[in-house]
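**Student:** Let me give you the structure first, and then I'll get to my questions.
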There are 2 protein chains.
Amino acid sequence: MTRKRLSTRALFAAGLCTLGLATSAWGQSMSDVQKVAKERGLSTADLLAAAQTFTPSGKIDDYLIFSSGGHSGQVFVIGVPSMRLLRTIAVFTPEPWQGWGYGVGEDVLAEGLVKGKENLWGDTHHPALSETKGDYDGEWLFINDKANARIAVIDLRDFETKQIVKNPLFINDHGGTFVTPDTEYIFESSQYNVPWGAAYAPTSDYEDEYRGAVTMWKFDRKAGRIDKSKSFAIELPPYWQDVADCGKLESDGYLFLNSINTELATGGIEDKKPPFEAGVSMNATDYLHIINWKKAEKVYQAGKYDMIEGFPVISMQTSIDEGLIYLTPEPRSPHGADVTPKGEFIVVSGKLDPHTTIYSIDKIKKAIANKTFSGSDAYGLPVLDFDAVMEAQVEVGLGPLHTQFGPDGYAYTSLFLDSAVARWTLGGVYGPLNPEPDWTLVKKTPVQYNIGHLGAAEGDTVSPDGKYLVAFNKWAVDRFFQTGPLLPQNFQLLDISQQGTHMPVIYDMPIGMGEPHYAQIIKADKLNPWAVYPEIGWDPQTQSVDPWAPRPKMERVERKEEGTVEIFMTAVRSHFNPEHITVKQGDKVIWHITNIERAVDATHGFAVPVYDINLSLEPGETATFEFVADTPGTFPYYCTEFCSALHLEMMGYFMVEPAD
Amino acid sequence: MTRKRLSTRALFAAGLCTLGLATSAWGQSMSDVQKVAKERGLSTADLLAAAQTFTPSGKIDDYLIFSSGGHSGQVFVIGVPSMRLLRTIAVFTPEPWQGWGYGVGEDVLAEGLVKGKENLWGDTHHPALSETKGDYDGEWLFINDKANARIAVIDLRDFETKQIVKNPLFINDHGGTFVTPDTEYIFESSQYNVPWGAAYAPTSDYEDEYRGAVTMWKFDRKAGRIDKSKSFAIELPPYWQDVADCGKLESDGYLFLNSINTELATGGIEDKKPPFEAGVSMNATDYLHIINWKKAEKVYQAGKYDMIEGFPVISMQTSIDEGLIYLTPEPRSPHGADVTPKGEFIVVSGKLDPHTTIYSIDKIKKAIANKTFSGSDAYGLPVLDFDAVMEAQVEVGLGPLHTQFGPDGYAYTSLFLDSAVARWTLGGVYGPLNPEPDWTLVKKTPVQYNIGHLGAAEGDTVSPDGKYLVAFNKWAVDRFFQTGPLLPQNFQLLDISQQGTHMPVIYDMPIGMGEPHYAQIIKADKLNPWAVYPEIGWDPQTQSVDPWAPRPKMERVERKEEGTVEIFMTAVRSHFNPEHITVKQGDKVIWHITNIERAVDATHGFAVPVYDINLSLEPGETATFEFVADTPGTFPYYCTEFCSALHLEMMGYFMVEPAD
């Protein structure tokens, strides 16, 4: 194929092919392409979309989508424009292809215990790529688990999860993860609020006992870990805090956090009370929380916090006293809050209001300075006057949720009820970047169906790329073959490279292994992943050579006192060494295994039946797992990753002699 | 988009568009297509491949691939020609997006206990679609777990796993699943052999104590379950039985089962003995096992079996006495055995022999009748003379593994070491179907890289479709963005619609969530899946209405004596009913929940934090889960599948009052 392409390019270069592409080595010409298109019922627009997305063997995608997997608990990595799933990353859910939770990763998963209990899944919502100066740097990825209020840290050198942190204060998060422009902190805020530590209190005590909070997790980039000892939280009213965004450039130092349920509704359909869906949606406006996190950091460092559930919390009274939090009204049933590339504006969409509402950080700062308050909320937090901080409103359509940005002054808002993506124009410095008037709807492209979030290429950074936008649709209905009653979601790729009203859908990608919410799209060449682990004996958990890793010629089985057997094993095409291991029933087994390959893609799997072990050992990787050999018998261990012509021969026998 | 396509078709119909496709509604023409192709470096061959595979929004794929997920433990469903993952099906591994193992499916997973222990993953290798008269009927799917010798049954009405069966005799299978032409039986044969029941015996006792076997699992199509009470096994020598295929039409009644390690090697690299990779590959030939399963069924029904590990086993001596098993030599390191569409030939590939060897069932039957033996093996099984049963050998290339068939007399063999797909011609009645001479290599298409199995559209049935072939490649190396040291596999789609030497790769699909082995490709319109469950209150495990399912107006919480609380809950956009549930710490909770939606795709998720519950409730589905409320607190339950504009409001509180 490569040679064929070169030869076509050569023809172009020689000027022999000005009207069309050259006839291929197979004698194929454009008329063959048209013939096939006709047979398959493809329009010219379809063929154009095909040409925009088809990515031949060996050609690398330009962008990567890092997508939440929803309640799969994982992260999906997808290439753009080909819209092919390149990898899942196991995060909160054990996954044996990656060996995650089947011999490695147990320590990380155990960090995620919830009230001492295993919750071996997650509801991932909002991934956040690490940023430097407000731009993705391709080094780290963070993601939340809404179901149990946890945060995971993924290293983009090897695409593996390194840490899971459980929030000690709340049990449900939605406003996370979002990072500060230099990734000093990762924000996580509560949604379905509970008493501190999810303690028991009846909903009749809701107003007094239930609390919201935003946690500022300190990220130690050098260690590659969240540093719990330098992290803290800020108490919030028990509204349902929703999606957030961090300020940047002009709004650097602020966090903008939506909320719903300022009604403090507690439901009760079973007692003929308004159900949550009604009770939570009664007010015409809820509150945008404007939080000065840089100031909060100083307040925390000054020791002005209480310890709650063993965690430092800045109280609402301290926030009022120190001027950390201001509210302002936002219409109606607000969901997304998104900061424009230069940080001047915050775009809020209320899902029951057909407008997006744009706030100005300049106006916010002035209103704070001038104390332009319309009052305070029930908890005493000052409310900034809406008209004093609002810059513009744009009617975009029904059910607006989230907004992303292009490089040319366009904003893109997802419309859940309209099932569409709206392109509209920003004002201010963005105005001259496109021909349309400021703050105006330009185009709505229908999507199939019911878009939730949307993502544009680097579309929430200080320098959006444009070109591509992906609609993360929630329903597929009739788009794909009916795979039983459970259908995939539908990621639709839109071409946003041209200004104006041309913004077609050019690819439908079914997501049949999870239900993504948000995703971020990064230029692929910003990442610098490892092709193989740096040295033989590498432990991905410490990202260093394991001192106990067996190296070539060091394979052995050591029988220790007190019924412990320690195994030092290597794996290389096409054998394990040793090939026989015999222990006594009841022995504690400590098993080290190292893949001593250096070739790219020379991964070995390693399965031990009965003992529920399966590893994925990438080139250079070492792993250690332990178990008690409580079940006697003859158990073949073997390589589960087809590695070579003699892969089937890559096995050995683990023998557990029965106790007398 | 639909309207645009119609308008193009209308132009064709009017004869206005004979030379090419119409200019689109956007004013796009073929020159725009060529411009984009040029910018992206696509050749005409690439554009043709794009036209062959690109599938616009709403157009349904023609074929479905049902692929093993390797050590992911799952099944993947992929559309052809678009090569998009439509769905994963959770089988041996818990998966929370489908709710599998997180509140439902636990009973099925518990059927898969191995020596009483949880093994919550599998190493799926060979899926088998149910057949009627040797053709896929689209009703059921079976798949093996090599790591622990288990078989799963999947219902293709709802794409859900209904049963897992653990083999009581052995601990590792590879020759499974394969079905008889009317799916009376599902075959599962052992590979890494062990003493019966995986009991302990040192490898010095290998020849006497270790045994192979093939199990014939009786499938009860009406019940949709394997009937263990009508299943049995046939004892085999402790060779490593490998891949198999079931006879059909002319060879109906037979099973053909490869083997390696007729050397009875037991490894020992750690003691300077030949490692398995050498010891298993010493003999120039191993044995093809020819098993008369219809005769074996009669022998079993006549009671001529022993009970071993509680399971009926026909002994080798009985097989010899009754003429159930014949061996014949097969060169060298044999792997795949594949029966031609009409059943006359069995194609065997030895991975260390550059030829495929073709056996004739007619010659086999004659050799059996005439007792044309070259001797017997160490266990007394008669060995048919190689020259008496061999029909032809075709030199195809290095590392041949598996063979599939087209409708036009072509066979396709995967070449692992050559990294290629070989097209070659069959003889006999297939000869006239193509222009090339019989038993001749026609073409080798390179693939990227190291192909294992391959699958052609309905390519192992009595009526192969041709058109498409997929190379299930094991290595990707440089084909995709480097996602850390762990790379995806690569499914490559080949166009086999033309005879002769034109057989290009037209799509690369990364498989970044498992490591598939075999897959079958079925015409999509053969399936008849449910769009929603037939009635409200449907229990997918029984495929009937659950008598306890709560229906509208039946929502309630019942407090029973002795600390048991039973909850009857419904879910509908956008609320649960009830919205509050309070129990006492220590209460046993029995929770029924029913999705009362009837709209296609109106799935609700249902998460209960702390208690590790997440369900996927498709329209009509009911589920029941139980737990002891041992942890007090306030726990918001909520819908995890974005269902509606007020999806976030679809929640409630589960309160566990602390014990006094």
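Chain labels run A, B, ... following the order of the structure tokens; each chain numbers its residues from 1, and ligands are numbered from 1 in the order shown.
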For Thr266 in chain B, find every residue with an atom within 8 Å (counting only C-alpha atoms), except residues of its own chain fewer than 4 positions away, and show them as a list in words.
**Tutor:**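 Non-adjacent residues within range: Thr203, Tyr206, Phe276 and Gly279 of chain B.
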**Student:** Could you write out that same residue set with N, CA and C atoms as a compact mmCIF listing (two decimals), in the first residue's frame?
**Tutor:**
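Wrote selection-v4.txt, looks like this:
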```
# COMPACT_ATOMS: atom_id res chain seq x y z
N THR B 203 4.44 -34.57 37.12
CA THR B 203 4.54 -34.77 35.67
C THR B 203 5.31 -36.04 35.33
N TYR B 206 3.06 -38.49 33.90
CA TYR B 206 2.28 -37.90 32.80
C TYR B 206 1.57 -38.95 31.96
N PHE B 276 9.12 -26.74 26.74
CA PHE B 276 7.96 -27.20 25.98
C PHE B 276 8.07 -26.81 24.50
N GLY B 279 10.33 -29.49 23.13
CA GLY B 279 9.89 -30.87 23.35
C GLY B 279 8.60 -31.22 22.64
```
**Student:** Near range 414-417 of chain A, counting only C-alpha atoms, which residues have an atom at most 6 Å away, once you skip same-chain residues fewer than 6 positions from it, shown as a list in words?
**Tutor:**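 Here the qualifying residues turn out to be Leu398, Gly399, Pro400, Leu401, His402, Asn450 and Ile451 of chain A.
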**Student:** What's around Ile521 in chain B at 7 Å? Count only C-alpha atoms, leave out sequence neighbours fewer than 3 positions away in its own chain, and write the answer as number ranges by chain.
**Tutor:** B: 63-66, 455-458
**Student:** So that I have them on file, write out the residues from the current selection with N, CA, C and O atoms, as an mmCIF file, in the first residue's frame.
**Tutor:**
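As written to disk, result.cif reads:
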```cif
data_model
loop_
_atom_site.group_PDB
_atom_site.id
_atom_site.type_symbol
_atom_site.label_atom_id
_atom_site.label_comp_id
_atom_site.auth_asym_id
_atom_site.auth_seq_id
_atom_site.Cartn_x
_atom_site.Cartn_y
_atom_site.Cartn_z
ATOM 1 N N TYR B 63 -23.082 -7.480 7.587
ATOM 2 C CA TYR B 63 -22.668 -8.663 8.348
ATOM 3 C C TYR B 63 -22.322 -8.268 9.771
ATOM 4 O O TYR B 63 -22.011 -7.106 10.051
ATOM 5 N N LEU B 64 -22.356 -9.264 10.639
ATOM 6 C CA LEU B 64 -21.896 -9.079 12.006
ATOM 7 C C LEU B 64 -20.776 -10.077 12.284
ATOM 8 O O LEU B 64 -20.889 -11.260 11.940
ATOM 9 N N ILE B 65 -19.725 -9.580 12.902
ATOM 10 C CA ILE B 65 -18.675 -10.448 13.421
ATOM 11 C C ILE B 65 -18.992 -10.731 14.888
ATOM 12 O O ILE B 65 -19.197 -9.789 15.662
ATOM 13 N N PHE B 66 -19.061 -11.996 15.254
ATOM 14 C CA PHE B 66 -19.097 -12.359 16.671
ATOM 15 C C PHE B 66 -17.709 -12.862 17.020
ATOM 16 O O PHE B 66 -17.307 -13.941 16.605
ATOM 17 N N GLY B 455 -11.449 -15.044 9.317
ATOM 18 C CA GLY B 455 -12.873 -15.362 9.182
ATOM 19 C C GLY B 455 -13.388 -14.814 7.875
ATOM 20 O O GLY B 455 -13.134 -13.651 7.539
ATOM 21 N N ALA B 456 -14.075 -15.656 7.113
ATOM 22 C CA ALA B 456 -14.754 -15.180 5.901
ATOM 23 C C ALA B 456 -16.251 -15.158 6.203
ATOM 24 O O ALA B 456 -16.722 -15.839 7.122
ATOM 25 N N ALA B 457 -16.984 -14.362 5.445
ATOM 26 C CA ALA B 457 -18.426 -14.245 5.685
ATOM 27 C C ALA B 457 -19.066 -15.620 5.530
ATOM 28 O O ALA B 457 -19.008 -16.219 4.457
ATOM 29 N N GLU B 458 -19.629 -16.117 6.624
ATOM 30 C CA GLU B 458 -20.226 -17.459 6.685
ATOM 31 C C GLU B 458 -19.248 -18.508 6.142
ATOM 32 O O GLU B 458 -19.659 -19.536 5.586
#
```
**Student:** I want to know what sits within 9 Å of Glu184 in chain B, based on only C-alpha atoms, with residues of the same chain fewer than 5 positions away left out; could you give that as a list in words?
**Tutor:** Val179, Trp217, Lys218, Phe219, Asp220 and Arg221 of chain B
**Student:** Just write the chosen residues, N, CA and C atoms, as an mmCIF file, in the first residue's frame.
**Tutor:**
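Below is the file that was written, result-v1.cif:
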```cif
data_model
loop_
_atom_site.group_PDB
_atom_site.id
_atom_site.type_symbol
_atom_site.label_atom_id
_atom_site.label_comp_id
_atom_site.auth_asym_id
_atom_site.auth_seq_id
_atom_site.Cartn_x
_atom_site.Cartn_y
_atom_site.Cartn_z
ATOM 1 N N VAL B 179 -19.959 -26.750 17.018
ATOM 2 C CA VAL B 179 -21.282 -27.364 17.135
ATOM 3 C C VAL B 179 -21.511 -28.377 16.022
ATOM 4 N N TRP B 217 -21.325 -31.623 24.946
ATOM 5 C CA TRP B 217 -22.376 -30.974 25.746
ATOM 6 C C TRP B 217 -23.670 -30.976 24.941
ATOM 7 N N LYS B 218 -24.707 -31.539 25.498
ATOM 8 C CA LYS B 218 -26.005 -31.600 24.837
ATOM 9 C C LYS B 218 -26.689 -30.246 24.964
ATOM 10 N N PHE B 219 -27.087 -29.675 23.836
ATOM 11 C CA PHE B 219 -27.777 -28.384 23.893
ATOM 12 C C PHE B 219 -29.277 -28.585 23.726
ATOM 13 N N ASP B 220 -30.019 -28.064 24.700
ATOM 14 C CA ASP B 220 -31.480 -28.112 24.657
ATOM 15 C C ASP B 220 -31.947 -26.762 24.107
ATOM 16 N N ARG B 221 -32.258 -26.745 22.830
ATOM 17 C CA ARG B 221 -32.551 -25.476 22.173
ATOM 18 C C ARG B 221 -33.810 -24.829 22.749
#
```
**Student:** Report, in Å to a single decimal, how far apart CA of Asp601 in chain B and CA of Leu487 in chain A are.
**Tutor:**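 That distance, rounded to one decimal, is 6.1 Å.
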**Student:** Using Å and a single decimal, report how far CA of Gly620 in chain B sits from CA of Tyr533 in chain B.
**Tutor:**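 Between these atoms lies a distance of 5.2 Å.
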**Student:** Return as an MDAnalysis selection string the full set of residues in range 455-603 of chain B whose backbone-based DSSP assignment is strand (DSSP E).
**Tutor:** chainID B and resid 455:456 468:473 489:495 505:511 519:523 538:539 544:545 556:560 564:572 575:577 580:584 588:595
**Student:** Residues within 7 Å of Tyr210 in chain A, please, as a VMD selection string. Count only C-alpha atoms; anything in the same chain fewer than 2 positions from it doesn't count.
**Tutor:** chain A and resid 193 to 195 206 to 208 238
**Student:** Between A:Arg211, A:Lys523, A:Lys230, A:His580, which residue has the minimum interatomic distance to Asp271 in chain B, considering only C-alpha atoms?
**Tutor:**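 Using only C-alpha atoms, Asp271 in chain B sits closest to A:His580.
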**Student:** Within 8 Å of Ile368 in chain A, counting only C-alpha atoms, which residues qualify if same-chain residues fewer than 4 places away don't, as an MDAnalysis selection string?
**Tutor:** chainID A and resid 326 364 372 384
**Student:** The selected residues should be written to file as a PDB file, in the first residue's frame (atoms: C-alpha atoms).
**Tutor:**
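Writing the result to result_11.pdb gives the following:
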```pdb
ATOM      1  CA  TYR A 326     -20.007  34.522  45.396  1.00  0.00           C
ATOM      2  CA  ILE A 364     -17.870  39.781  38.053  1.00  0.00           C
ATOM      3  CA  THR A 372     -23.210  44.825  43.709  1.00  0.00           C
ATOM      4  CA  LEU A 384     -24.057  39.085  42.729  1.00  0.00           C
TER       5      LEU A 384
END
```
**Student:** Counting only C-alpha atoms, figure out which residue out of A:Ser231, A:Ser281, A:Ser376, A:Thr318 gets nearest to chain B.
**Tutor:**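 Among the listed residues, A:Ser281 lies closest to chain B.
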**Student:** Would you kindly return, as a ChimeraX atom specification, each protein, DNA or RNA residue with an atom no farther than 7 Å from any atom of Gly138 in chain B, considering only C-alpha atoms and excluding same-chain residues fewer than 4 positions away?
**Tutor:** /B:129-130,156,526-527
